[in-house]
Number of protein chains: 2
Amino acid sequence: MDPVTIKDIAHALNLSTSTVSRALRDSYEISPETKRLVMEYAERLNYRPNPIALSLKGNSSKALAVIVPQIANNFFSQAINGIEAIAYNRGYHVIIFQTHESYEREVANVQQAMARRVDGLLLSLSSETADVAHLKSVISQNMPLVLFDRVSAELPVTQVVADNFGGAYAATSHLLQTGRRRIAHLTIPPYLSIAQERLAGYRAALEQYGVPYDESLVRYGTFGPDEAGTLVDELLALSPPPDAFFTASDRLALGCLAALRQRNIDVPGQVALLSFTNSQSAHLLNPPLSTVTQPAQEIGQLAAERLIEQIERKSKSTGPSTMKLPTTLVVRESSQPLPKLVI
Amino acid sequence: MDPVTIKDIAHALNLSTSTVSRALRDSYEISPETKRLVMEYAERLNYRPNPIALSLKGNSSKALAVIVPQIANNFFSQAINGIEAIAYNRGYHVIIFQTHESYEREVANVQQAMARRVDGLLLSLSSETADVAHLKSVISQNMPLVLFDRVSAELPVTQVVADNFGGAYAATSHLLQTGRRRIAHLTIPPYLSIAQERLAGYRAALEQYGVPYDESLVRYGTFGPDEAGTLVDELLALSPPPDAFFTASDRLALGCLAALRQRNIDVPGQVALLSFTNSQSAHLLNPPLSTVTQPAQEIGQLAAERLIEQIERKSKSTGPSTMKLPTTLVVRESSQPLPKLVI
DNA sequence: TTGTAGGCGTTATCAG
DNA sequence: CTGATAACGCCTACAA
């Protein structure tokens, strides 16, 4: 019960493989009669061209590689959702790789994807990645590449990100407007572009409000298990302690909230909490979590669209560009104005 | 800067392609000297065999298809995480397809995967899928297939699921033990194996406690947006209204909680809420959500392992079997005993 | 020990 | 209009 090939059809119909091939592609040089014959027979046998043979021939595999740190993460799973939707519509398949935040794994995955002869690469950097030589090599081999979310300014490629600066600025401003002055920033490893941009937005807002930047209020997580507890403790030990937390991810937000609750810190009475997050249940938490939301699915879609464009018209007409999608600040109870102002 | 091929190496070294091929595979019939030469040169040029050519030749693509209803779903993204981990270790790649709960899309995806000549299929049925002819055809073509989570008894293949009956039984028993008697069951479409098993567990527990089964307390969602609100309203309109909700998914649990809260229903005072869920923040909700958790990642891992076994020793030594992984009931505040017993 | 030839499924080129 | 042939990259009889 092996798959039907053109050869099978040719044999059965006493035609040559080239005639059958042309008939199937509805070539103008084939007689209507023969076309009909071939088409019908192919239909009956449920003929499907072998995409592997096509790839080998045409140098196009109709497959995209998606390389992300973690699939089991609200942001990335939503982004992949967007990518898959676009890819499917354009006839591409999506091959998934996880780096598990490891640089080595990222390099290995990129090589594997190249070896697979994918038509293009969508990538979000691991938190360990400081050196992007492996991606420069990808570019020098003319492999279409689009970065999303965690990008690198060193790479002259199209990049799709959320407006992290704007989101962090809005978040911090909101906290300042509601009377907070000692705003801790709990964030992800500093190599990451998004960490830098969020930090910049945070600092810009502080400056705008004349609040001096205090380095000791900024802490970097490392994706370790239960790290939020430690960081929260360190911050609470400061004097004066923070009156607000601005966290940079789902994980940190939930970890931070759990830690605060466990230590019987009143949120938002003692400290407010506001986070970058794509968690579906932010509004159901106690207290509801104010958030800056990234349009994860749209980022995935846009990145996939740009990649496919790049693949299909290999003309370098449009150079690399960075596309920023707006984030959404949603204020929920947890960051409402302080009853009595601190300072 | 095209990828290096065996031919390139052969040319450069004045050897034939077959010699190079054999040298690279470390064949015994090649002189150590030649081997060294070839190996070193290949190394320098960073030669990588073209997997597409290998596939075309060998009939093995080293790729697995994973077909799920939705990637952006805690359960599935965790399961895929497990799948990818195993696949990566065994040298397989993972190609992702989403059915978006559509039967047609599922059929199309299965065909695409077959056309891609993947080595095996991991699938979780869409909620619309009543007819599994497309999968019988997969089996009849000798394509390795493993179902997980949403399975079908009609198919003689290996299936990996959580103990849905046991989980539902434990959940319902817990609610009964804490004094609830009118337990509503808000669940997913009835075609799904997991819906049936959960319903069976629910009924078994009721029977065990001598509480008559009331069909009007069971409602089926359809993955529509904001459907929980309607269902909750219908249930609350019953007389007597339910004193507990047992929901079958993340989505339903969060939707239900939001609806209850919006209607100012005290949870767990008026109604308790307990759910099948893989949400990472169940313990942070207000009130903390008691849950039955499926070992999503382990299900993915086990399914991938079984599939790869099946692929690699094509011997049909081990027939199809159904593997049930235990679920975990975690009781949190929301289903604590009722202060005053309802009856 | 190495080389030659054929084939995996398809398409493109060139002849009839 | 249709057919033979070569090629994509690799492997494997079979020859030498």
# chains A, B, ... in the order shown; residues from 1 in each chain; ligands from 1

$ closest_atom_pairs --of "chain B" --to "chain C" --cutoff "12 Å" --atoms "only C-alpha atoms (C1' of nucleotides)" --output "JSON lines"
{"residue": "B:Ala10", "atom": "CA", "partner": "C:DG3", "partner_atom": "C1'", "distance": 11.7}
{"residue": "B:Asn14", "atom": "CA", "partner": "C:DT2", "partner_atom": "C1'", "distance": 11.4}
{"residue": "B:Leu15", "atom": "CA", "partner": "C:DT2", "partner_atom": "C1'", "distance": 8.3}
{"residue": "B:Ser16", "atom": "CA", "partner": "C:DG3", "partner_atom": "C1'", "distance": 6.4}
{"residue": "B:Thr17", "atom": "CA", "partner": "C:DG3", "partner_atom": "C1'", "distance": 8.8}
{"residue": "B:Ser18", "atom": "CA", "partner": "C:DG3", "partner_atom": "C1'", "distance": 7.6}
{"residue": "B:Thr19", "atom": "CA", "partner": "C:DT2", "partner_atom": "C1'", "distance": 6.5}
{"residue": "B:Val20", "atom": "CA", "partner": "C:DT2", "partner_atom": "C1'", "distance": 10.1}
{"residue": "B:Ser21", "atom": "CA", "partner": "C:DT2", "partner_atom": "C1'", "distance": 11.7}
{"residue": "B:Arg22", "atom": "CA", "partner": "C:DT2", "partner_atom": "C1'", "distance": 10.3}
{"residue": "B:Ala23", "atom": "CA", "partner": "C:DT2", "partner_atom": "C1'", "distance": 11.0}
{"residue": "B:Ser27", "atom": "CA", "partner": "C:DT1", "partner_atom": "C1'", "distance": 11.2}
{"residue": "B:Tyr28", "atom": "CA", "partner": "C:DT1", "partner_atom": "C1'", "distance": 9.9}
{"residue": "B:Glu29", "atom": "CA", "partner": "C:DT1", "partner_atom": "C1'", "distance": 6.4}
{"residue": "B:Ile30", "atom": "CA", "partner": "C:DT1", "partner_atom": "C1'", "distance": 6.0}
{"residue": "B:Ser31", "atom": "CA", "partner": "C:DT1", "partner_atom": "C1'", "distance": 6.5}
{"residue": "B:Pro32", "atom": "CA", "partner": "C:DT1", "partner_atom": "C1'", "distance": 10.2}
{"residue": "B:Glu33", "atom": "CA", "partner": "C:DT1", "partner_atom": "C1'", "distance": 10.8}
{"residue": "B:Thr34", "atom": "CA", "partner": "C:DT1", "partner_atom": "C1'", "distance": 9.6}
{"residue": "B:Lys35", "atom": "CA", "partner": "C:DT1", "partner_atom": "C1'", "distance": 11.3}
{"residue": "B:Ile52", "atom": "CA", "partner": "C:DC8", "partner_atom": "C1'", "distance": 10.9}
{"residue": "B:Ala53", "atom": "CA", "partner": "C:DC8", "partner_atom": "C1'", "distance": 8.6}
{"residue": "B:Leu54", "atom": "CA", "partner": "C:DC8", "partner_atom": "C1'", "distance": 9.2}
{"residue": "B:Ser55", "atom": "CA", "partner": "C:DC8", "partner_atom": "C1'", "distance": 8.7}
{"residue": "B:Leu56", "atom": "CA", "partner": "C:DC8", "partner_atom": "C1'", "distance": 5.3}
{"residue": "B:Lys57", "atom": "CA", "partner": "C:DC8", "partner_atom": "C1'", "distance": 4.6}
{"residue": "B:Gly58", "atom": "CA", "partner": "C:DC8", "partner_atom": "C1'", "distance": 7.7}
{"residue": "B:Asn59", "atom": "CA", "partner": "C:DC8", "partner_atom": "C1'", "distance": 8.4}
{"residue": "B:Ser60", "atom": "CA", "partner": "C:DC8", "partner_atom": "C1'", "distance": 11.6}

$ interface_residues --of "chain B" --to "chain A" --cutoff "9 Å" --atoms "only C-alpha atoms" --output "short mmCIF file (atom, residue, chain, number, x, y, z; two decimals) with all heavy atoms, in the first residue's frame"
data_model
loop_
_atom_site.label_atom_id
_atom_site.label_comp_id
_atom_site.auth_asym_id
_atom_site.auth_seq_id
_atom_site.Cartn_x
_atom_site.Cartn_y
_atom_site.Cartn_z
N MET B 1 27.49 30.32 -1.69
CA MET B 1 27.77 29.67 -0.41
C MET B 1 26.81 28.51 -0.17
O MET B 1 26.25 28.33 0.90
CB MET B 1 27.62 30.71 0.71
CG MET B 1 28.50 30.50 1.94
SD MET B 1 29.84 29.35 1.81
CE MET B 1 31.20 30.38 2.40
N ASP B 2 26.60 27.71 -1.22
CA ASP B 2 25.67 26.59 -1.10
C ASP B 2 26.21 25.51 -0.18
O ASP B 2 27.42 25.39 -0.01
CB ASP B 2 25.41 26.00 -2.49
CG ASP B 2 24.37 26.82 -3.23
OD1 ASP B 2 23.68 27.62 -2.58
OD2 ASP B 2 24.26 26.66 -4.46
N PRO B 3 25.32 24.75 0.39
CA PRO B 3 25.74 23.66 1.28
C PRO B 3 26.71 22.72 0.56
O PRO B 3 26.55 22.44 -0.63
CB PRO B 3 24.43 22.94 1.60
CG PRO B 3 23.36 23.94 1.32
CD PRO B 3 23.89 24.89 0.31
N ARG B 48 27.35 18.69 6.04
CA ARG B 48 26.19 18.09 6.71
C ARG B 48 25.40 17.34 5.65
O ARG B 48 25.03 17.94 4.64
CB ARG B 48 25.28 19.16 7.30
CG ARG B 48 25.87 19.95 8.43
CD ARG B 48 25.73 19.23 9.77
NE ARG B 48 26.41 19.96 10.83
CZ ARG B 48 27.71 19.78 11.12
NH1 ARG B 48 28.43 18.90 10.45
NH2 ARG B 48 28.25 20.47 12.09
N PRO B 49 25.14 16.07 5.89
CA PRO B 49 24.34 15.34 4.90
C PRO B 49 22.99 16.00 4.71
O PRO B 49 22.42 16.55 5.65
CB PRO B 49 24.20 13.95 5.52
CG PRO B 49 24.62 14.08 6.93
CD PRO B 49 25.51 15.27 7.03
N ASN B 50 22.51 15.98 3.51
CA ASN B 50 21.22 16.56 3.19
C ASN B 50 20.10 15.61 3.61
O ASN B 50 19.93 14.55 3.01
CB ASN B 50 21.15 16.83 1.68
CG ASN B 50 19.84 17.45 1.28
OD1 ASN B 50 18.85 17.29 1.96
ND2 ASN B 50 19.86 18.16 0.18
N PRO B 51 19.37 15.97 4.65
CA PRO B 51 18.36 15.05 5.18
C PRO B 51 17.26 14.78 4.17
O PRO B 51 16.59 13.75 4.23
CB PRO B 51 17.83 15.77 6.41
CG PRO B 51 18.22 17.19 6.25
CD PRO B 51 19.40 17.25 5.36
N ILE B 52 17.07 15.70 3.26
CA ILE B 52 16.03 15.50 2.27
C ILE B 52 16.41 14.38 1.31
O ILE B 52 15.62 13.50 1.01
CB ILE B 52 15.77 16.82 1.50
CG1 ILE B 52 15.19 17.83 2.49
CG2 ILE B 52 14.85 16.60 0.34
CD1 ILE B 52 14.91 19.16 1.88
N ALA B 53 17.66 14.43 0.92
CA ALA B 53 18.14 13.34 0.07
C ALA B 53 18.06 12.02 0.82
O ALA B 53 17.65 10.99 0.27
CB ALA B 53 19.57 13.61 -0.36
N SER B 55 15.99 11.25 3.16
CA SER B 55 14.59 10.84 3.24
C SER B 55 14.16 10.19 1.94
O SER B 55 13.52 9.14 1.94
CB SER B 55 13.69 12.05 3.49
OG SER B 55 14.09 12.73 4.65
N LEU B 56 14.50 10.85 0.86
CA LEU B 56 14.06 10.35 -0.44
C LEU B 56 14.59 8.94 -0.65
O LEU B 56 13.89 8.05 -1.12
CB LEU B 56 14.59 11.27 -1.53
CG LEU B 56 14.07 10.96 -2.93
CD1 LEU B 56 12.56 10.99 -2.93
CD2 LEU B 56 14.61 11.96 -3.94
N SER B 61 12.14 10.09 7.37
CA SER B 61 12.36 11.53 7.36
C SER B 61 12.83 12.05 8.71
O SER B 61 13.13 13.22 8.85
CB SER B 61 11.07 12.24 6.97
OG SER B 61 10.06 11.91 7.90
N GLN B 70 -5.10 22.92 19.65
CA GLN B 70 -4.64 24.28 19.93
C GLN B 70 -3.26 24.21 20.57
O GLN B 70 -3.08 23.46 21.53
CB GLN B 70 -5.55 24.97 20.96
CG GLN B 70 -6.93 25.27 20.50
CD GLN B 70 -7.00 26.57 19.73
OE1 GLN B 70 -6.01 27.30 19.64
NE2 GLN B 70 -8.16 26.85 19.15
N ILE B 71 -2.36 25.02 20.11
CA ILE B 71 -1.07 25.07 20.80
C ILE B 71 -1.17 25.96 22.03
O ILE B 71 -0.61 25.66 23.07
CB ILE B 71 0.02 25.65 19.87
CG1 ILE B 71 0.24 24.72 18.70
CG2 ILE B 71 1.31 25.86 20.63
CD1 ILE B 71 1.03 25.36 17.60
N ALA B 72 -1.90 27.05 21.88
CA ALA B 72 -1.97 28.03 22.96
C ALA B 72 -2.95 27.56 24.03
O ALA B 72 -4.03 28.11 24.20
CB ALA B 72 -2.38 29.39 22.41
N ASN B 73 -2.56 26.52 24.71
CA ASN B 73 -3.41 25.86 25.69
C ASN B 73 -2.44 25.20 26.64
O ASN B 73 -1.51 24.51 26.21
CB ASN B 73 -4.26 24.83 24.92
CG ASN B 73 -4.96 23.83 25.79
OD1 ASN B 73 -4.34 23.17 26.62
ND2 ASN B 73 -6.26 23.69 25.59
N ASN B 74 -2.63 25.43 27.92
CA ASN B 74 -1.63 24.93 28.87
C ASN B 74 -1.36 23.45 28.73
O ASN B 74 -0.22 23.02 28.74
CB ASN B 74 -2.08 25.23 30.30
CG ASN B 74 -1.88 26.69 30.65
OD1 ASN B 74 -0.86 27.27 30.27
ND2 ASN B 74 -2.85 27.27 31.33
N PHE B 75 -2.42 22.69 28.61
CA PHE B 75 -2.20 21.24 28.51
C PHE B 75 -1.36 20.88 27.30
O PHE B 75 -0.35 20.19 27.39
CB PHE B 75 -3.52 20.48 28.49
CG PHE B 75 -3.32 19.01 28.29
CD1 PHE B 75 -2.90 18.21 29.34
CD2 PHE B 75 -3.48 18.45 27.02
CE1 PHE B 75 -2.67 16.85 29.14
CE2 PHE B 75 -3.24 17.10 26.82
CZ PHE B 75 -2.84 16.30 27.89
N PHE B 76 -1.78 21.37 26.14
CA PHE B 76 -1.09 20.95 24.92
C PHE B 76 0.32 21.53 24.82
O PHE B 76 1.23 20.86 24.34
CB PHE B 76 -1.92 21.29 23.68
CG PHE B 76 -3.13 20.42 23.55
CD1 PHE B 76 -4.40 20.95 23.56
CD2 PHE B 76 -2.99 19.03 23.44
CE1 PHE B 76 -5.52 20.13 23.46
CE2 PHE B 76 -4.10 18.22 23.33
CZ PHE B 76 -5.37 18.76 23.35
N SER B 77 0.50 22.75 25.27
CA SER B 77 1.85 23.28 25.14
C SER B 77 2.80 22.52 26.07
O SER B 77 3.95 22.27 25.72
CB SER B 77 1.89 24.79 25.41
OG SER B 77 1.53 25.08 26.73
N GLN B 78 2.31 22.08 27.22
CA GLN B 78 3.16 21.27 28.09
C GLN B 78 3.40 19.88 27.49
O GLN B 78 4.51 19.34 27.58
CB GLN B 78 2.53 21.15 29.47
CG GLN B 78 2.64 22.43 30.28
CD GLN B 78 1.88 22.35 31.60
OE1 GLN B 78 1.97 21.38 32.33
NE2 GLN B 78 1.13 23.39 31.91
N ALA B 79 2.38 19.33 26.89
CA ALA B 79 2.54 18.02 26.27
C ALA B 79 3.55 18.10 25.12
O ALA B 79 4.44 17.24 24.99
CB ALA B 79 1.20 17.52 25.75
N ILE B 80 3.45 19.15 24.32
CA ILE B 80 4.39 19.30 23.21
C ILE B 80 5.80 19.49 23.74
O ILE B 80 6.77 18.98 23.17
CB ILE B 80 3.98 20.51 22.33
CG1 ILE B 80 2.65 20.20 21.63
CG2 ILE B 80 5.06 20.80 21.30
CD1 ILE B 80 2.08 21.39 20.89
N ASN B 81 5.91 20.18 24.84
CA ASN B 81 7.20 20.31 25.49
C ASN B 81 7.80 18.93 25.76
O ASN B 81 8.95 18.65 25.40
CB ASN B 81 7.00 21.09 26.80
CG ASN B 81 8.30 21.30 27.54
OD1 ASN B 81 9.38 21.13 26.99
ND2 ASN B 81 8.19 21.66 28.80
N GLU B 84 8.70 17.22 22.41
CA GLU B 84 9.90 17.77 21.76
C GLU B 84 11.16 17.29 22.47
O GLU B 84 12.16 16.98 21.82
CB GLU B 84 9.82 19.31 21.77
CG GLU B 84 10.72 19.99 20.77
CD GLU B 84 12.14 20.21 21.27
OE1 GLU B 84 12.38 20.11 22.49
OE2 GLU B 84 13.00 20.45 20.43
N ALA B 85 11.09 17.23 23.79
CA ALA B 85 12.27 16.81 24.55
C ALA B 85 12.70 15.40 24.15
O ALA B 85 13.87 15.14 23.86
CB ALA B 85 11.98 16.88 26.05
N TYR B 88 13.85 15.25 20.38
CA TYR B 88 15.18 15.82 20.18
C TYR B 88 16.26 14.82 20.57
O TYR B 88 17.23 14.62 19.84
CB TYR B 88 15.32 17.10 21.01
CG TYR B 88 16.62 17.82 20.81
CD1 TYR B 88 16.77 18.76 19.81
CD2 TYR B 88 17.71 17.53 21.63
CE1 TYR B 88 17.98 19.42 19.62
CE2 TYR B 88 18.92 18.18 21.45
CZ TYR B 88 19.04 19.12 20.45
OH TYR B 88 20.24 19.77 20.28
N HIS B 93 12.64 15.34 14.56
CA HIS B 93 12.12 16.69 14.57
C HIS B 93 10.62 16.65 14.72
O HIS B 93 9.98 15.64 14.41
CB HIS B 93 12.53 17.43 13.31
CG HIS B 93 13.99 17.68 13.26
ND1 HIS B 93 14.58 18.74 13.89
CD2 HIS B 93 14.99 16.95 12.72
CE1 HIS B 93 15.89 18.67 13.72
NE2 HIS B 93 16.17 17.60 13.02
N VAL B 94 10.08 17.75 15.18
CA VAL B 94 8.66 17.80 15.47
C VAL B 94 7.98 18.83 14.58
O VAL B 94 8.34 20.01 14.61
CB VAL B 94 8.43 18.17 16.95
CG1 VAL B 94 6.96 18.38 17.22
CG2 VAL B 94 8.99 17.08 17.85
N ILE B 95 7.05 18.37 13.79
CA ILE B 95 6.29 19.29 12.94
C ILE B 95 4.90 19.46 13.55
O ILE B 95 4.22 18.48 13.85
CB ILE B 95 6.17 18.74 11.51
CG1 ILE B 95 7.57 18.47 10.96
CG2 ILE B 95 5.44 19.73 10.61
CD1 ILE B 95 7.58 17.97 9.54
N ILE B 96 4.53 20.72 13.75
CA ILE B 96 3.31 21.02 14.49
C ILE B 96 2.15 21.36 13.57
O ILE B 96 2.30 22.11 12.61
CB ILE B 96 3.57 22.25 15.38
CG1 ILE B 96 4.59 21.94 16.45
CG2 ILE B 96 2.28 22.76 15.99
CD1 ILE B 96 4.05 21.19 17.60
N PHE B 97 1.00 20.80 13.87
CA PHE B 97 -0.23 21.15 13.16
C PHE B 97 -1.31 21.48 14.18
O PHE B 97 -1.41 20.81 15.21
CB PHE B 97 -0.71 19.97 12.31
CG PHE B 97 0.26 19.52 11.27
CD1 PHE B 97 1.29 18.65 11.59
CD2 PHE B 97 0.14 19.94 9.95
CE1 PHE B 97 2.19 18.22 10.61
CE2 PHE B 97 1.03 19.52 8.98
CZ PHE B 97 2.06 18.66 9.31
N GLN B 98 -2.13 22.46 13.88
CA GLN B 98 -3.26 22.76 14.75
C GLN B 98 -4.56 22.49 13.98
O GLN B 98 -4.70 22.91 12.85
CB GLN B 98 -3.28 24.24 15.15
CG GLN B 98 -2.09 24.70 15.94
CD GLN B 98 -2.32 26.07 16.55
OE1 GLN B 98 -3.01 26.23 17.55
NE2 GLN B 98 -1.74 27.09 15.95
N ALA B 115 1.69 13.22 3.49
CA ALA B 115 2.35 13.65 2.27
C ALA B 115 3.79 14.05 2.57
O ALA B 115 4.68 13.83 1.76
CB ALA B 115 1.60 14.81 1.64
N ARG B 116 4.01 14.60 3.74
CA ARG B 116 5.34 14.99 4.16
C ARG B 116 6.22 13.80 4.48
O ARG B 116 7.39 13.94 4.81
CB ARG B 116 5.26 15.83 5.45
CG ARG B 116 5.00 17.27 5.22
CD ARG B 116 6.29 18.05 5.30
NE ARG B 116 6.14 19.26 4.52
CZ ARG B 116 7.13 20.07 4.20
NH1 ARG B 116 8.35 19.81 4.61
NH2 ARG B 116 6.93 21.12 3.48
N ARG B 117 5.63 12.66 4.46
CA ARG B 117 6.35 11.42 4.78
C ARG B 117 6.98 11.47 6.16
O ARG B 117 8.16 11.10 6.33
CB ARG B 117 7.44 11.14 3.74
CG ARG B 117 6.98 11.12 2.29
CD ARG B 117 5.97 10.01 2.04
NE ARG B 117 5.82 9.69 0.63
CZ ARG B 117 4.93 10.28 -0.19
NH1 ARG B 117 4.13 11.22 0.26
NH2 ARG B 117 4.83 9.90 -1.44
N SER B 140 -3.99 1.72 8.16
CA SER B 140 -3.94 0.71 7.10
C SER B 140 -2.75 0.97 6.18
O SER B 140 -2.30 0.08 5.48
CB SER B 140 -5.24 0.73 6.30
OG SER B 140 -5.23 1.85 5.44
N GLN B 141 -2.23 2.18 6.21
CA GLN B 141 -1.04 2.45 5.42
C GLN B 141 0.23 2.22 6.24
O GLN B 141 1.32 2.61 5.83
CB GLN B 141 -1.07 3.90 4.90
CG GLN B 141 -2.08 4.08 3.77
CD GLN B 141 -2.23 5.55 3.40
OE1 GLN B 141 -1.30 6.18 2.95
NE2 GLN B 141 -3.43 6.09 3.62
N ASN B 142 0.03 1.59 7.40
CA ASN B 142 1.17 1.22 8.22
C ASN B 142 1.97 2.40 8.75
O ASN B 142 3.17 2.26 9.02
CB ASN B 142 2.12 0.31 7.42
CG ASN B 142 1.85 -1.13 7.78
OD1 ASN B 142 1.55 -1.44 8.93
ND2 ASN B 142 1.95 -1.99 6.79
N LEU B 254 -11.73 28.99 34.31
CA LEU B 254 -11.50 30.43 34.42
C LEU B 254 -12.76 31.19 34.01
O LEU B 254 -13.14 32.17 34.66
CB LEU B 254 -10.31 30.85 33.55
CG LEU B 254 -8.97 30.20 33.97
CD1 LEU B 254 -7.84 30.66 33.07
CD2 LEU B 254 -8.65 30.48 35.43
N LEU B 257 -15.26 30.85 36.86
CA LEU B 257 -14.90 31.67 38.00
C LEU B 257 -15.21 33.15 37.73
O LEU B 257 -15.78 33.85 38.57
CB LEU B 257 -13.40 31.50 38.31
CG LEU B 257 -12.87 32.22 39.55
CD1 LEU B 257 -13.68 31.83 40.78
CD2 LEU B 257 -11.40 31.91 39.77
N ALA B 258 -14.85 33.58 36.52
CA ALA B 258 -15.13 34.97 36.17
C ALA B 258 -16.63 35.24 36.21
O ALA B 258 -17.08 36.27 36.73
CB ALA B 258 -14.56 35.27 34.78
N ARG B 261 -17.98 35.32 39.77
CA ARG B 261 -17.56 36.51 40.46
C ARG B 261 -18.37 37.72 39.97
O ARG B 261 -18.81 38.56 40.78
CB ARG B 261 -16.07 36.74 40.18
CG ARG B 261 -15.41 37.52 41.27
CD ARG B 261 -13.97 37.71 40.96
NE ARG B 261 -13.17 36.58 41.41
CZ ARG B 261 -11.85 36.61 41.41
NH1 ARG B 261 -11.21 37.68 40.96
NH2 ARG B 261 -11.18 35.58 41.85
N SER B 279 -3.53 25.05 34.66
CA SER B 279 -3.15 26.46 34.80
C SER B 279 -2.08 26.62 35.86
O SER B 279 -2.11 25.99 36.91
CB SER B 279 -4.38 27.27 35.18
OG SER B 279 -3.98 28.53 35.63
N GLN B 280 -1.12 27.48 35.54
CA GLN B 280 0.00 27.66 36.47
C GLN B 280 -0.37 28.53 37.66
O GLN B 280 0.38 28.62 38.61
CB GLN B 280 1.17 28.32 35.73
CG GLN B 280 1.73 27.45 34.62
CD GLN B 280 2.23 28.29 33.47
OE1 GLN B 280 2.88 29.30 33.66
NE2 GLN B 280 1.91 27.88 32.25
N SER B 281 -1.51 29.17 37.59
CA SER B 281 -1.80 30.11 38.67
C SER B 281 -3.02 29.73 39.49
O SER B 281 -3.56 30.55 40.21
CB SER B 281 -1.95 31.52 38.10
OG SER B 281 -2.82 31.50 37.00
N ALA B 282 -3.42 28.47 39.40
CA ALA B 282 -4.62 28.05 40.13
C ALA B 282 -4.52 28.38 41.62
O ALA B 282 -5.50 28.78 42.24
CB ALA B 282 -4.84 26.56 39.93
N HIS B 283 -3.32 28.25 42.16
CA HIS B 283 -3.19 28.47 43.60
C HIS B 283 -3.20 29.94 43.97
O HIS B 283 -3.28 30.29 45.13
CB HIS B 283 -1.91 27.81 44.10
CG HIS B 283 -0.67 28.43 43.55
ND1 HIS B 283 -0.32 28.29 42.21
CD2 HIS B 283 0.29 29.18 44.11
CE1 HIS B 283 0.82 28.93 42.00
NE2 HIS B 283 1.21 29.49 43.13
N LEU B 284 -3.08 30.80 42.96
CA LEU B 284 -3.05 32.22 43.26
C LEU B 284 -4.39 32.90 43.05
O LEU B 284 -4.54 34.08 43.30
CB LEU B 284 -2.01 32.92 42.36
CG LEU B 284 -0.56 32.53 42.63
CD1 LEU B 284 0.34 33.13 41.57
CD2 LEU B 284 -0.14 32.97 44.02
N LEU B 285 -5.34 32.13 42.58
CA LEU B 285 -6.65 32.72 42.34
C LEU B 285 -7.35 33.00 43.66
O LEU B 285 -6.95 32.52 44.71
CB LEU B 285 -7.51 31.76 41.50
CG LEU B 285 -6.99 31.51 40.08
CD1 LEU B 285 -7.79 30.41 39.42
CD2 LEU B 285 -7.05 32.78 39.26
N ASN B 286 -8.40 33.77 43.54
CA ASN B 286 -9.20 34.07 44.72
C ASN B 286 -10.61 33.55 44.52
O ASN B 286 -11.34 34.10 43.71
CB ASN B 286 -9.25 35.58 44.96
CG ASN B 286 -10.11 35.92 46.15
OD1 ASN B 286 -10.23 35.11 47.07
ND2 ASN B 286 -10.72 37.09 46.12
N PRO B 287 -11.03 32.54 45.21
CA PRO B 287 -10.21 31.73 46.12
C PRO B 287 -9.32 30.81 45.33
O PRO B 287 -9.58 30.57 44.16
CB PRO B 287 -11.28 30.92 46.86
CG PRO B 287 -12.34 30.73 45.83
CD PRO B 287 -12.37 32.00 45.05
N PRO B 288 -8.28 30.27 45.97
CA PRO B 288 -7.42 29.32 45.27
C PRO B 288 -8.28 28.20 44.70
O PRO B 288 -9.23 27.74 45.33
CB PRO B 288 -6.51 28.80 46.38
CG PRO B 288 -6.48 29.88 47.38
CD PRO B 288 -7.85 30.49 47.35
#

$ select_by_dssp --residues "segment 76-239 of chain B" --states "strand (DSSP E)" --output "ChimeraX atom specification"
/B:93-98,120-123,145-148,158-162,183-187,218-220

$ closest_atom_pairs --of "chain D" --to "chain B" --cutoff "12 Å" --atoms "only C-alpha atoms (C1' of nucleotides)" --output "JSON lines"
{"residue": "D:DC8", "atom": "C1'", "partner": "B:Ala53", "partner_atom": "CA", "distance": 8.3}
{"residue": "D:DG9", "atom": "C1'", "partner": "B:Ala53", "partner_atom": "CA", "distance": 5.2}
{"residue": "D:DC10", "atom": "C1'", "partner": "B:Ala53", "partner_atom": "CA", "distance": 5.7}
{"residue": "D:DC11", "atom": "C1'", "partner": "B:Lys57", "partner_atom": "CA", "distance": 7.4}
{"residue": "D:DT12", "atom": "C1'", "partner": "B:Ser18", "partner_atom": "CA", "distance": 8.8}
{"residue": "D:DA13", "atom": "C1'", "partner": "B:Ser18", "partner_atom": "CA", "distance": 11.7}

$ write_last_selection --atoms "C-alpha atoms (C1' of nucleotides)" --output "PDB file, in the first residue's frame"
ATOM      1  C1'  DC D   8      18.731  17.257  -7.262  1.00  0.00           C
ATOM      2  C1'  DG D   9      22.185  14.392  -2.953  1.00  0.00           C
ATOM      3  C1'  DC D  10      22.770  10.201  -1.231  1.00  0.00           C
ATOM      4  C1'  DC D  11      23.401   5.158  -0.832  1.00  0.00           C
ATOM      5  C1'  DT D  12      24.472   0.452  -2.327  1.00  0.00           C
ATOM      6  C1'  DA D  13      25.039  -3.469  -5.240  1.00  0.00           C
TER       7       DA D  13
END

$ atom_distance --atom1 "atom CA of Leu121 of chain A" --atom2 "atom CA of Asp149 of chain A"
13.9 Å

$ select_by_dssp --residues "segment 132-273 of chain B" --states "alpha helix (DSSP H)" --output "PyMOL selection string"
chain B and resi 133-140+164-177+193-208+227-236+250-262
